[in-house]
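Novice: What follows is the file query18.csv, containing CSV, C-alpha atoms and all ligand atoms:
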```csv
chain,number,residue,atom,x,y,z
A,1425,MET,CA,-1.8,-9.6,-13.8
A,1426,PRO,CA,0.6,-11.1,-16.4
A,1427,VAL,CA,3.8,-10.8,-14.3
A,1428,LEU,CA,2.2,-12.4,-11.2
A,1429,LYS,CA,0.8,-15.1,-13.4
A,1430,GLN,CA,4.2,-16.0,-14.8
A,1431,ILE,CA,5.6,-16.1,-11.3
A,1432,GLY,CA,2.8,-18.4,-10.3
A,1433,GLN,CA,3.6,-20.7,-13.2
A,1434,ARG,CA,7.2,-20.9,-12.1
A,1435,PHE,CA,6.2,-21.4,-8.4
A,1436,LEU,CA,4.0,-24.3,-9.5
A,1437,LYS,CA,7.0,-26.1,-10.9
A,1438,LYS,CA,9.7,-25.1,-8.4
A,1439,LYS,CA,7.6,-24.9,-5.1
A,1440,PRO,CA,9.9,-22.4,-3.4
A,1441,LEU,CA,7.4,-22.0,-0.5
A,1442,LYS,CA,6.9,-25.6,0.1
A,1443,GLY,CA,5.8,-26.4,3.7
A,1444,LEU,CA,5.7,-22.7,4.7
A,1445,VAL,CA,2.8,-21.0,6.4
A,1446,VAL,CA,2.1,-17.5,5.1
A,1447,ALA,CA,-0.1,-15.2,7.2
A,1448,ALA,CA,-1.4,-12.2,5.1
A,1449,CYS,CA,-3.2,-9.2,6.5
A,1450,MET,CA,-4.3,-7.4,3.4
A,1451,HIS,CA,-7.3,-5.8,1.7
A,1452,ILE,CA,-9.5,-8.8,0.6
A,1453,THR,CA,-9.8,-8.0,-3.1
A,1454,LYS,CA,-9.7,-10.1,-6.3
A,1455,GLU,CA,-6.1,-9.0,-6.8
A,1456,THR,CA,-5.1,-10.2,-3.3
A,1457,GLY,CA,-6.9,-13.5,-4.2
A,1458,ALA,CA,-4.5,-13.8,-7.2
A,1459,LEU,CA,-1.5,-13.2,-4.9
A,1460,MET,CA,-2.8,-15.8,-2.4
A,1461,THR,CA,-3.3,-18.5,-5.1
A,1462,THR,CA,0.2,-17.7,-6.4
A,1463,LEU,CA,1.7,-18.4,-2.9
A,1464,MET,CA,-0.3,-21.6,-2.8
A,1465,ALA,CA,1.1,-22.6,-6.2
A,1466,GLY,CA,4.5,-22.2,-4.6
A,1467,GLY,CA,3.6,-24.7,-1.9
A,1468,ALA,CA,2.6,-22.4,0.9
A,1469,ARG,CA,-0.4,-22.8,3.3
A,1470,VAL,CA,-2.1,-19.4,3.3
A,1471,TYR,CA,-4.1,-17.6,6.0
A,1472,LEU,CA,-5.7,-14.3,5.2
A,1473,ALA,CA,-7.5,-11.5,7.2
A,1474,ALA,CA,-8.5,-8.0,6.1
A,1475,SER,CA,-6.2,-5.2,6.8
A,1476,ASN,CA,-9.0,-2.7,7.2
A,1477,PRO,CA,-12.5,-3.2,8.5
A,1478,LEU,CA,-14.3,-2.1,5.3
A,1479,SER,CA,-11.9,-3.2,2.6
A,1480,THR,CA,-13.2,-6.7,1.9
A,1481,GLN,CA,-14.8,-7.1,-1.5
A,1482,PRO,CA,-18.1,-9.0,-1.4
A,1483,GLY,CA,-17.8,-12.5,-2.9
A,1484,VAL,CA,-14.0,-12.8,-2.6
A,1485,VAL,CA,-14.0,-14.5,0.8
A,1486,LYS,CA,-16.2,-17.3,-0.6
A,1487,ASP,CA,-14.2,-17.6,-3.8
A,1488,LEU,CA,-10.9,-17.8,-1.9
A,1489,ALA,CA,-12.3,-20.5,0.4
A,1490,LYS,CA,-13.0,-22.6,-2.8
A,1491,TYR,CA,-9.3,-22.3,-3.6
A,1492,GLY,CA,-8.3,-23.5,-0.2
A,1493,VAL,CA,-7.3,-20.1,1.4
A,1494,THR,CA,-8.3,-19.9,5.0
A,1495,VAL,CA,-9.9,-16.4,5.4
A,1496,PHE,CA,-10.6,-15.1,8.9
A,1497,HIS,CA,-13.5,-12.7,8.7
A,1498,ARG,CA,-15.3,-12.4,12.0
A,1499,ASP,CA,-14.1,-9.1,13.4
A,1500,TYR,CA,-11.1,-7.0,12.6
A,1501,ASP,CA,-9.0,-7.3,15.8
A,1502,THR,CA,-9.8,-11.0,16.5
A,1503,ASP,CA,-9.0,-11.9,12.9
A,1504,ILE,CA,-5.6,-10.4,13.1
A,1505,LYS,CA,-4.9,-12.1,16.4
A,1506,ARG,CA,-5.9,-15.4,14.9
A,1507,LEU,CA,-3.6,-14.8,12.0
A,1508,ALA,CA,-0.7,-14.1,14.4
A,1509,GLY,CA,-1.6,-17.4,16.1
A,1510,THR,CA,-1.0,-19.4,13.0
A,1511,ARG,CA,2.8,-19.3,13.9
A,1512,PRO,CA,3.6,-18.2,10.4
A,1513,HIS,CA,7.0,-18.6,8.6
A,1514,LEU,CA,6.3,-15.5,6.5
A,1515,ILE,CA,3.9,-12.6,6.9
A,1516,MET,CA,2.5,-10.0,4.5
A,1517,ASP,CA,1.2,-7.0,6.2
A,1518,ASP,CA,-0.6,-3.9,5.0
A,1519,GLY,CA,-0.6,-1.1,7.7
A,1520,GLY,CA,1.4,-2.8,10.4
A,1521,ASP,CA,-1.3,-4.3,12.6
A,1522,LEU,CA,-0.3,-8.0,12.1
A,1523,THR,CA,3.4,-7.0,12.7
A,1524,TRP,CA,2.3,-5.2,16.0
A,1525,ASP,CA,0.3,-8.3,17.2
A,1526,LEU,CA,3.2,-10.6,16.4
A,1527,THR,CA,5.7,-8.3,18.1
A,1528,ASN,CA,3.7,-8.4,21.3
A,1529,ALA,CA,2.8,-12.1,21.1
A,1530,PRO,CA,4.6,-14.8,23.1
A,1531,ASP,CA,8.0,-15.8,21.7
A,1532,SER,CA,6.5,-19.2,20.7
A,1533,TRP,CA,4.3,-17.5,18.1
A,1534,ARG,CA,7.4,-16.2,16.3
A,1535,LYS,CA,9.3,-19.5,16.5
A,1536,ASN,CA,8.9,-20.2,12.8
A,1537,LEU,CA,9.1,-16.7,11.6
A,1538,ILE,CA,11.7,-15.9,8.9
A,1539,GLY,CA,10.3,-12.4,8.2
A,1540,GLY,CA,7.8,-10.5,6.2
A,1541,MET,CA,6.8,-7.8,3.8
A,1542,GLU,CA,5.0,-4.5,4.4
A,1543,GLU,CA,2.7,-3.2,1.7
A,1544,THR,CA,1.9,0.4,2.5
A,1545,THR,CA,3.4,3.7,3.5
A,1546,THR,CA,1.7,3.9,6.9
A,1547,GLY,CA,3.0,0.4,7.7
A,1548,VAL,CA,6.5,1.3,6.8
A,1549,VAL,CA,6.3,4.5,9.0
A,1550,ARG,CA,5.2,2.3,11.9
A,1551,LEU,CA,8.0,-0.2,11.2
A,1552,ARG,CA,10.5,2.6,11.4
A,1553,ALA,CA,9.0,3.7,14.7
A,1554,LEU,CA,9.4,0.1,16.0
A,1555,ALA,CA,13.0,0.0,14.8
A,1556,ARG,CA,13.8,3.3,16.4
A,1557,GLY,CA,12.5,2.0,19.7
A,1558,ASP,CA,14.6,-1.1,19.3
A,1559,MET,CA,11.4,-3.2,19.3
A,1560,LEU,CA,11.6,-4.8,15.8
A,1561,LYS,CA,11.8,-8.5,16.5
A,1562,PHE,CA,12.0,-9.9,12.9
A,1563,PRO,CA,13.1,-8.7,9.4
A,1564,MET,CA,10.6,-6.9,7.4
A,1565,ILE,CA,10.9,-5.8,3.7
A,1566,ALA,CA,9.5,-2.4,2.9
A,1567,VAL,CA,7.7,-3.4,-0.3
A,1568,ASN,CA,5.9,-0.1,-0.3
A,1569,ASP,CA,9.1,1.8,-0.8
A,1570,THR,CA,10.4,0.0,-3.9
A,1571,PRO,CA,10.0,2.0,-7.1
A,1572,THR,CA,7.9,-0.6,-9.0
A,1573,LYS,CA,5.4,-0.3,-6.1
A,1574,ARG,CA,5.4,3.2,-4.8
A,1575,LEU,CA,5.7,5.0,-8.1
A,1576,PHE,CA,2.8,3.1,-9.7
A,1577,ASP,CA,0.4,1.6,-7.1
A,1578,ASN,CA,0.4,4.7,-4.8
A,1579,VAL,CA,0.3,7.2,-7.7
A,1580,TYR,CA,-1.8,5.7,-10.4
A,1581,GLY,CA,-3.7,3.1,-8.4
A,1582,THR,CA,-4.7,5.4,-5.6
A,1583,GLY,CA,-5.2,8.3,-7.9
A,1584,GLN,CA,-7.7,6.6,-10.2
A,1585,SER,CA,-9.5,4.4,-7.7
A,1586,THR,CA,-10.0,7.3,-5.2
A,1587,MET,CA,-11.6,9.6,-7.7
A,1588,GLU,CA,-13.6,6.8,-9.2
A,1589,ALA,CA,-14.9,5.8,-5.8
A,1590,ILE,CA,-16.0,9.3,-5.0
A,1591,VAL,CA,-17.8,9.6,-8.3
A,1592,MET,CA,-19.5,6.2,-7.9
A,1593,ALA,CA,-20.6,7.1,-4.4
A,1594,THR,CA,-21.9,10.6,-5.1
A,1595,ASN,CA,-22.3,11.0,-8.9
A,1596,VAL,CA,-20.9,14.4,-8.5
A,1597,LEU,CA,-19.8,16.2,-11.7
A,1598,MET,CA,-16.1,16.8,-11.2
A,1599,ALA,CA,-15.8,19.3,-14.0
A,1600,GLY,CA,-15.8,22.8,-12.6
A,1601,LYS,CA,-15.8,21.6,-9.0
A,1602,CYS,CA,-13.1,22.5,-6.5
A,1603,VAL,CA,-11.2,19.5,-5.1
A,1604,VAL,CA,-9.0,19.9,-2.1
A,1605,VAL,CA,-6.3,17.2,-1.6
A,1606,ALA,CA,-4.5,17.1,1.7
A,1607,GLY,CA,-1.0,15.6,1.2
A,1608,TYR,CA,1.0,15.8,-1.9
A,1609,GLY,CA,3.0,12.7,-1.5
A,1610,HIS,CA,2.8,9.7,-3.9
A,1611,CYS,CA,-0.9,9.1,-3.5
A,1612,GLY,CA,-1.7,12.8,-3.3
A,1613,ALA,CA,0.1,13.4,-6.6
A,1614,GLY,CA,-2.0,10.7,-8.2
A,1615,VAL,CA,-5.3,12.0,-6.8
A,1616,THR,CA,-4.6,15.6,-7.8
A,1617,ALA,CA,-3.6,14.6,-11.4
A,1618,ARG,CA,-6.9,12.6,-11.8
A,1619,ALA,CA,-9.0,15.4,-10.3
A,1620,LYS,CA,-7.4,17.9,-12.6
A,1621,GLY,CA,-7.9,15.6,-15.6
A,1622,MET,CA,-11.6,15.4,-14.8
A,1623,GLY,CA,-11.8,19.2,-15.0
A,1624,ALA,CA,-11.7,20.1,-11.4
A,1625,ARG,CA,-9.9,23.1,-9.9
A,1626,VAL,CA,-7.4,21.5,-7.5
A,1627,ILE,CA,-6.1,22.9,-4.2
A,1628,VAL,CA,-3.3,21.1,-2.3
A,1629,THR,CA,-2.6,21.4,1.4
A,1630,GLU,CA,0.8,20.2,2.8
A,1631,VAL,CA,3.1,20.5,5.8
A,1632,ASP,CA,6.3,19.7,3.9
A,1633,PRO,CA,7.6,22.9,2.3
A,1634,ARG,CA,9.3,20.9,-0.5
A,1635,LYS,CA,6.1,19.0,-1.4
A,1636,ALA,CA,4.2,22.3,-1.2
A,1637,LEU,CA,6.6,23.9,-3.7
A,1638,GLN,CA,6.4,20.9,-6.0
A,1639,ALA,CA,2.6,21.1,-6.0
A,1640,HIS,CA,2.7,24.8,-6.7
A,1641,MET,CA,5.1,24.3,-9.7
A,1642,ASN,CA,2.9,21.5,-11.0
A,1643,GLY,CA,0.2,24.1,-11.3
A,1644,TYR,CA,-1.9,23.5,-8.2
A,1645,GLU,CA,-3.0,26.1,-5.7
A,1646,VAL,CA,-1.4,25.6,-2.3
A,1647,MET,CA,-2.9,26.9,0.9
A,1648,THR,CA,-3.8,26.0,4.5
A,1649,MET,CA,-6.7,23.7,5.2
A,1650,ARG,CA,-8.4,26.6,7.0
A,1651,ARG,CA,-8.5,28.6,3.8
A,1652,ALA,CA,-9.1,25.6,1.5
A,1653,ALA,CA,-12.1,24.7,3.7
A,1654,LEU,CA,-13.9,27.8,2.5
A,1655,GLU,CA,-13.3,27.0,-1.2
A,1656,GLY,CA,-13.6,23.2,-1.7
A,1657,ASP,CA,-16.6,21.1,-2.9
A,1658,VAL,CA,-14.8,17.8,-2.5
A,1659,PHE,CA,-12.0,17.0,0.1
A,1660,VAL,CA,-9.6,14.1,0.0
A,1661,THR,CA,-7.1,13.4,2.8
A,1662,VAL,CA,-4.2,11.2,1.9
A,1663,THR,CA,-1.4,12.0,4.4
A,1664,GLY,CA,-1.1,9.0,6.8
A,1665,ASP,CA,-1.4,11.7,9.5
A,1666,ILE,CA,-4.1,12.4,12.2
A,1667,ASN,CA,-6.7,15.2,12.4
A,1668,VAL,CA,-6.0,16.7,9.0
A,1669,ILE,CA,-9.6,17.8,8.7
A,1670,THR,CA,-11.0,18.9,12.0
A,1671,GLN,CA,-14.5,19.9,13.1
A,1672,GLU,CA,-13.4,23.5,12.9
A,1673,HIS,CA,-12.5,23.0,9.2
A,1674,MET,CA,-15.8,21.3,8.5
A,1675,MET,CA,-17.8,24.0,10.1
A,1676,LEU,CA,-16.3,26.4,7.5
A,1677,MET,CA,-17.2,24.2,4.5
A,1678,LYS,CA,-20.0,24.9,2.0
A,1679,ASP,CA,-23.3,23.2,2.3
A,1680,GLY,CA,-23.1,19.7,0.7
A,1681,ALA,CA,-19.3,19.5,0.8
A,1682,VAL,CA,-18.1,15.9,0.4
A,1683,VAL,CA,-15.3,14.7,2.6
A,1684,ALA,CA,-13.3,11.5,2.0
A,1685,ASN,CA,-10.1,9.8,3.1
A,1686,ALA,CA,-7.7,7.6,1.1
A,1687,GLY,CA,-5.0,7.4,3.8
A,1688,HIS,CA,-4.6,4.0,5.5
A,1689,PHE,CA,-6.4,4.6,8.8
A,1690,ASP,CA,-9.7,6.4,9.6
A,1691,VAL,CA,-7.8,9.1,11.6
A,1692,GLU,CA,-7.3,11.8,9.1
A,1693,ILE,CA,-10.8,13.4,9.5
A,1694,ASP,CA,-12.6,14.1,12.7
A,1695,ILE,CA,-15.3,11.5,11.9
A,1696,LYS,CA,-17.1,11.8,15.2
A,1697,ASN,CA,-17.9,15.5,14.7
A,1698,VAL,CA,-19.0,15.8,11.1
A,1699,PRO,CA,-21.6,18.6,10.9
A,1700,ALA,CA,-24.9,17.9,9.2
A,1701,HIS,CA,-24.2,20.1,6.1
A,1702,VAL,CA,-21.1,18.0,5.2
A,1703,THR,CA,-21.2,14.4,3.7
A,1704,LEU,CA,-18.5,12.0,4.9
A,1705,LEU,CA,-17.9,9.0,2.6
A,1706,ALA,CA,-17.1,5.5,3.7
A,1707,GLU,CA,-17.0,6.3,7.4
A,1708,GLY,CA,-13.7,8.0,6.8
A,1709,ARG,CA,-12.0,4.8,5.8
A,1710,LEU,CA,-10.0,4.2,2.6
A,1711,VAL,CA,-12.6,5.5,0.2
A,1712,ASN,CA,-11.2,3.7,-2.8
A,1713,LEU,CA,-11.7,0.3,-1.2
A,1714,ALA,CA,-14.6,0.9,1.1
A,1715,ALA,CA,-16.7,2.7,-1.5
A,1716,GLY,CA,-15.0,1.6,-4.7
A,1717,ARG,CA,-13.2,-1.3,-6.4
A,1718,GLY,CA,-9.7,-0.6,-5.2
A,1719,HIS,CA,-6.7,-0.5,-7.4
A,1720,PRO,CA,-6.9,-1.9,-10.9
A,1721,PRO,CA,-5.3,-5.3,-11.4
A,1722,ALA,CA,-2.8,-3.9,-13.9
A,1723,VAL,CA,-1.1,-1.9,-11.2
A,1724,MET,CA,-1.5,-4.5,-8.4
A,1725,ASP,CA,0.4,-6.9,-10.8
A,1726,MET,CA,3.6,-5.0,-10.0
A,1727,SER,CA,3.0,-4.6,-6.2
A,1728,PHE,CA,2.0,-8.2,-5.7
A,1729,SER,CA,4.8,-9.6,-8.0
A,1730,ASN,CA,7.2,-7.8,-5.6
A,1731,GLN,CA,5.4,-9.4,-2.7
A,1732,ALA,CA,5.6,-12.9,-4.2
A,1733,LEU,CA,9.3,-12.6,-5.1
A,1734,CYS,CA,10.2,-11.2,-1.7
A,1735,ALA,CA,8.4,-14.1,-0.1
A,1736,GLU,CA,10.6,-16.4,-2.2
A,1737,TRP,CA,13.7,-14.4,-1.3
A,1738,LEU,CA,13.0,-14.7,2.4
A,1739,ALA,CA,12.3,-18.4,2.1
A,1740,ASN,CA,15.7,-18.9,0.5
A,1741,GLN,CA,17.6,-17.4,3.4
A,1742,ASP,CA,19.2,-19.8,5.9
A,1743,ASP,CA,17.8,-20.6,9.4
A,1744,THR,CA,19.9,-18.0,11.2
A,1745,PHE,CA,18.7,-15.1,9.0
A,1746,PRO,CA,15.9,-13.8,11.2
A,1747,PHE,CA,18.0,-13.7,14.3
A,1748,ARG,CA,20.9,-12.1,12.7
A,1749,HIS,CA,18.9,-9.5,10.9
A,1750,PRO,CA,15.8,-8.1,12.6
A,1751,ARG,CA,15.8,-4.9,10.6
A,1752,ILE,CA,13.9,-3.2,7.7
A,1753,TYR,CA,15.1,-4.3,4.3
A,1754,ASP,CA,14.7,-2.7,0.9
A,1755,VAL,CA,13.3,-5.0,-1.9
A,1756,PRO,CA,16.4,-6.4,-3.5
A,1757,GLU,CA,17.3,-4.3,-6.6
A,1758,ASP,CA,17.2,-7.3,-8.9
A,1759,ILE,CA,13.6,-8.1,-7.9
A,1760,ASP,CA,12.4,-4.5,-8.5
A,1761,GLU,CA,14.2,-4.4,-11.9
A,1762,TYR,CA,12.8,-7.8,-12.9
A,1763,VAL,CA,9.2,-6.7,-12.1
A,1764,ALA,CA,9.7,-3.6,-14.3
A,1765,ARG,CA,11.2,-5.5,-17.2
A,1766,GLU,CA,8.6,-8.2,-17.1
A,1767,LYS,CA,5.8,-5.6,-16.9
A,1768,LEU,CA,7.3,-3.8,-20.0
A,1769,LYS,CA,7.4,-7.1,-21.8
A,1770,ALA,CA,3.8,-7.8,-21.0
A,1771,LEU,CA,2.9,-4.4,-22.3
A,1772,ASN,CA,4.9,-5.1,-25.5
A,1773,ILE,CA,7.1,-2.1,-24.9
A,1774,CYS,CA,10.8,-2.3,-25.9
A,1775,ILE,CA,13.5,-0.1,-24.5
A,1776,ASP,CA,17.1,0.6,-25.5
A,1777,THR,CA,20.0,-1.2,-23.8
A,1778,LEU,CA,23.2,0.6,-22.7
A,1779,THR,CA,26.1,-0.1,-25.0
A,1780,ASP,CA,29.5,-1.0,-23.5
A,1781,GLU,CA,30.7,2.4,-24.5
A,1782,GLN,CA,27.9,4.1,-22.8
A,1783,ARG,CA,28.3,2.0,-19.6
A,1784,GLN,CA,32.0,2.8,-19.5
A,1785,TYR,CA,31.2,6.5,-20.1
A,1786,LEU,CA,28.7,6.6,-17.3
A,1787,ASN,CA,31.0,4.8,-14.9
A,1788,ASN,CA,34.0,7.0,-15.5
A,1789,PHE,CA,34.9,10.3,-13.9
A,1790,LYS,CA,36.9,11.6,-16.8
A,1801,LIG,N1,-6.0,4.2,-0.5
A,1801,LIG,C1,-5.1,3.3,-0.9
A,1801,LIG,O1,-5.4,2.4,-1.6
A,1801,LIG,C2,-3.7,3.6,-0.5
A,1801,LIG,C3,-2.6,3.1,-1.3
A,1801,LIG,C4,-1.3,3.4,-0.9
A,1801,LIG,C5,-1.1,4.2,0.3
A,1801,LIG,N2,-2.1,4.6,1.0
A,1801,LIG,C6,-2.0,5.3,2.3
A,1801,LIG,O2,-2.0,6.7,1.9
A,1801,LIG,C7,-1.3,7.5,2.9
A,1801,LIG,C8,-0.3,8.3,2.1
A,1801,LIG,O3,0.7,7.5,1.4
A,1801,LIG,P1,1.8,8.1,0.5
A,1801,LIG,O4,2.5,7.0,-0.1
A,1801,LIG,O5,1.2,9.2,-0.4
A,1801,LIG,O6,2.7,8.8,1.6
A,1801,LIG,P2,3.8,10.0,1.3
A,1801,LIG,O7,4.7,9.9,2.5
A,1801,LIG,O8,4.4,9.9,0.0
A,1801,LIG,O9,2.9,11.3,1.4
A,1801,LIG,C9,2.2,11.8,2.5
A,1801,LIG,C10,2.2,13.3,2.4
A,1801,LIG,O10,1.3,13.9,3.3
A,1801,LIG,C11,1.9,15.1,3.9
A,1801,LIG,N3,1.3,15.4,5.2
A,1801,LIG,C12,1.5,14.8,6.4
A,1801,LIG,N4,0.8,15.4,7.3
A,1801,LIG,C13,0.0,16.4,6.7
A,1801,LIG,C14,-1.0,17.3,7.1
A,1801,LIG,N5,-1.3,17.4,8.4
A,1801,LIG,N6,-1.5,18.1,6.1
A,1801,LIG,C15,-1.2,18.0,4.8
A,1801,LIG,N7,-0.2,17.1,4.4
A,1801,LIG,C16,0.4,16.3,5.3
A,1801,LIG,C17,3.4,14.7,4.0
A,1801,LIG,O11,4.2,15.9,4.0
A,1801,LIG,C18,3.6,13.9,2.7
A,1801,LIG,O12,4.0,14.8,1.6
A,1801,LIG,C19,-0.7,6.5,3.8
A,1801,LIG,O13,-1.5,6.3,4.9
A,1801,LIG,C20,-0.6,5.2,3.0
A,1801,LIG,O14,-0.5,4.1,3.8
A,1801,LIG,C21,-3.4,4.3,0.7
```
Show me, as structure tokens, the structure contained in the file I just sent.
Specialist:
Amino acid sequence: MPVLKQIGQRFLKKKPLKGLVVAACMHITKETGALMTTLMAGGARVYLAASNPLSTQPGVVKDLAKYGVTVFHRDYDTDIKRLAGTRPHLIMDDGGDLTWDLTNAPDSWRKNLIGGMEETTTGVVRLRALARGDMLKFPMIAVNDTPTKRLFDNVYGTGQSTMEAIVMATNVLMAGKCVVVAGYGHCGAGVTARAKGMGARVIVTEVDPRKALQAHMNGYEVMTMRRAALEGDVFVTVTGDINVITQEHMMLMKDGAVVANAGHFDVEIDIKNVPAHVTLLAEGRLVNLAAGRGHPPAVMDMSFSNQALCAEWLANQDDTFPFRHPRIYDVPEDIDEYVAREKLKALNICIDTLTDEQRQYLNNFK
């Protein structure tokens, strides 16, 4: 994670987070560990709890304790409440559960809060619902939506780690199999590409007509889940939506069909009613984290560099900021561009620069 490492080295000298408490509700992986130690290098006191009941990598909790990160890991709901109770200055959320707890907590729990960052699509969807209901009480930055996160982490990270986890859990030969992917958003585009690359026949199900057309023109078969249920060997839901694969769909599936979810919550598959002839992976939770290794560090480098730099950006705001601006923010453009440039540098890739003449041409109507 070279970009994050470099940010950590600067944080160590400048201490931009000095004296601040950061409460992070994230998947407890080695990469999250690297982010936590970066924040500590910046002077923050860091508390961490898992953002999903099955997404903690063995060994990481112990390792983080050695570095001085307090990790709550008793049970999911209690841990998040304890995090909210740390009266944080900054929060990092992944899915919105910490945000929700802090929103409903006594005012005193938010007295230090400058704002926070949201890491995933489902969390941003929930933030927007809070904002629409006029219930958003503090500023949140939608890290998920920034190009250097969403176009890489969601696409390549989820794509590779989801297929890898399914193969690791089942040892199924993907070549020649029929893989059905529900949802052709950022993650779905990544999962379909990896499945196709492994030699599978890939079917997409969608509810958005534009996404369905895009999948069709990218060469995938598009159909309803009811029809796809009859064809698939392996099913992956990655929509952020509920009841995408129902008991009725599973009753139609072939013997030995494998069903997995890579969306944030375990609500996409009717996990209570899985028939005996179908195999559900990872209890319907994020299969790439619960049954695999999660996203590779190379891609988390970009997501977590955005997180660290946004924490610094919030820490640099004045005291009145949270009260003046309890809304959803984009990652500042200069942060996103910095992450892309530094990542290219780390990869030893050079690109061209606009000449003055070109800039002028692109900025003029005539
Ligand atoms: N597993 C991981 O590590 C990981 C990483 C990033 C995001 N996520 C999660 O994955 C989910 C998807 O994220 P994204 O960034 O791809 O979102 P996205 O908004 O880009 O795409 C979601 C797609 O699902 C489609 N959809 C919604 N309901 C559907 C239904 N009933 N049937 C078929 N398609 C449907 C939408 O039209 C949309 O095209 C979210 O829950 C997100 O939080 C997981």
Novice: Between A:Pro1699, A:Gly1509, A:Gly1716, A:Pro1440, which residue has the minimum interatomic distance to A:Lys1535, considering all atoms listed in the file?
Specialist: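 Once distances to A:Lys1535 are computed over all atoms listed in the file, the minimum belongs to A:Gly1509.
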Novice: Within 7 Å of ligand LIG 1801 (chain A), counting only C-alpha atoms and all ligand atoms, which protein or nucleic acid residues do you find, written as a VMD selection string?
Specialist: chain A and resid 1519 1544 to 1547 1574 1577 to 1578 1582 1586 1606 to 1612 1629 to 1632 1635 1662 to 1666 1668 1686 to 1689 1710 to 1713 1718 to 1719
Novice: Between A:Ala1447, A:Val1427, A:Ala1474, A:Ile1759, which residue has the minimum interatomic distance to A:Trp1737, considering only C-alpha atoms?
Specialist: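 Closest candidate: A:Ile1759.
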Novice: So, counting only C-alpha atoms, which residue among A:Gly1520, A:Met1425, A:Lys1437, A:Glu1645 is closest to A:Ser1727?
Specialist: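 Smallest distance to A:Ser1727 is found for A:Met1425.
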Novice: Using all atoms listed in the file, which of A:Val1658, A:Ala1458, A:His1513, A:Ser1475 sits nearest A:Glu1736?
Specialist: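 Of the candidates, the smallest distance to A:Glu1736 is held by A:His1513.
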Novice: Since the input lacks some atoms of stretch 1653-1666 of chain A, please model N, CA and C atoms and print them as a short mmCIF file (atom, residue, chain, number, x, y, z; two decimals), keeping the file's coordinate frame.
Specialist:
```cif
data_model
loop_
_atom_site.label_atom_id
_atom_site.label_comp_id
_atom_site.auth_asym_id
_atom_site.auth_seq_id
_atom_site.Cartn_x
_atom_site.Cartn_y
_atom_site.Cartn_z
N ALA A 1653 -10.80 25.11 3.24
CA ALA A 1653 -12.10 24.70 3.70
C ALA A 1653 -13.23 25.55 3.17
N LEU A 1654 -12.92 26.82 2.96
CA LEU A 1654 -13.90 27.80 2.50
C LEU A 1654 -14.19 27.58 0.97
N GLU A 1655 -13.21 26.99 0.27
CA GLU A 1655 -13.30 27.00 -1.20
C GLU A 1655 -13.76 25.62 -1.76
N GLY A 1656 -13.47 24.53 -1.06
CA GLY A 1656 -13.60 23.20 -1.70
C GLY A 1656 -15.08 22.71 -1.77
N ASP A 1657 -15.31 21.86 -2.79
CA ASP A 1657 -16.60 21.10 -2.90
C ASP A 1657 -16.34 19.67 -2.44
N VAL A 1658 -15.14 19.15 -2.79
CA VAL A 1658 -14.80 17.80 -2.50
C VAL A 1658 -13.42 17.79 -1.78
N PHE A 1659 -13.30 17.07 -0.67
CA PHE A 1659 -12.00 17.00 0.10
C PHE A 1659 -11.54 15.61 0.17
N VAL A 1660 -10.24 15.42 -0.07
CA VAL A 1660 -9.60 14.10 0.00
C VAL A 1660 -8.40 14.19 0.92
N THR A 1661 -8.37 13.42 2.01
CA THR A 1661 -7.10 13.40 2.80
C THR A 1661 -6.34 12.15 2.42
N VAL A 1662 -5.04 12.31 2.26
CA VAL A 1662 -4.20 11.20 1.90
C VAL A 1662 -2.77 11.42 2.41
N THR A 1663 -2.70 11.52 3.75
CA THR A 1663 -1.40 12.00 4.40
C THR A 1663 -0.81 10.89 5.26
N GLY A 1664 -1.61 9.98 5.80
CA GLY A 1664 -1.10 9.00 6.80
C GLY A 1664 -1.04 9.72 8.19
N ASP A 1665 -1.55 10.93 8.30
CA ASP A 1665 -1.40 11.70 9.50
C ASP A 1665 -2.82 11.83 10.21
N ILE A 1666 -2.82 12.31 11.46
CA ILE A 1666 -4.10 12.40 12.20
C ILE A 1666 -4.67 13.85 12.12
#
```
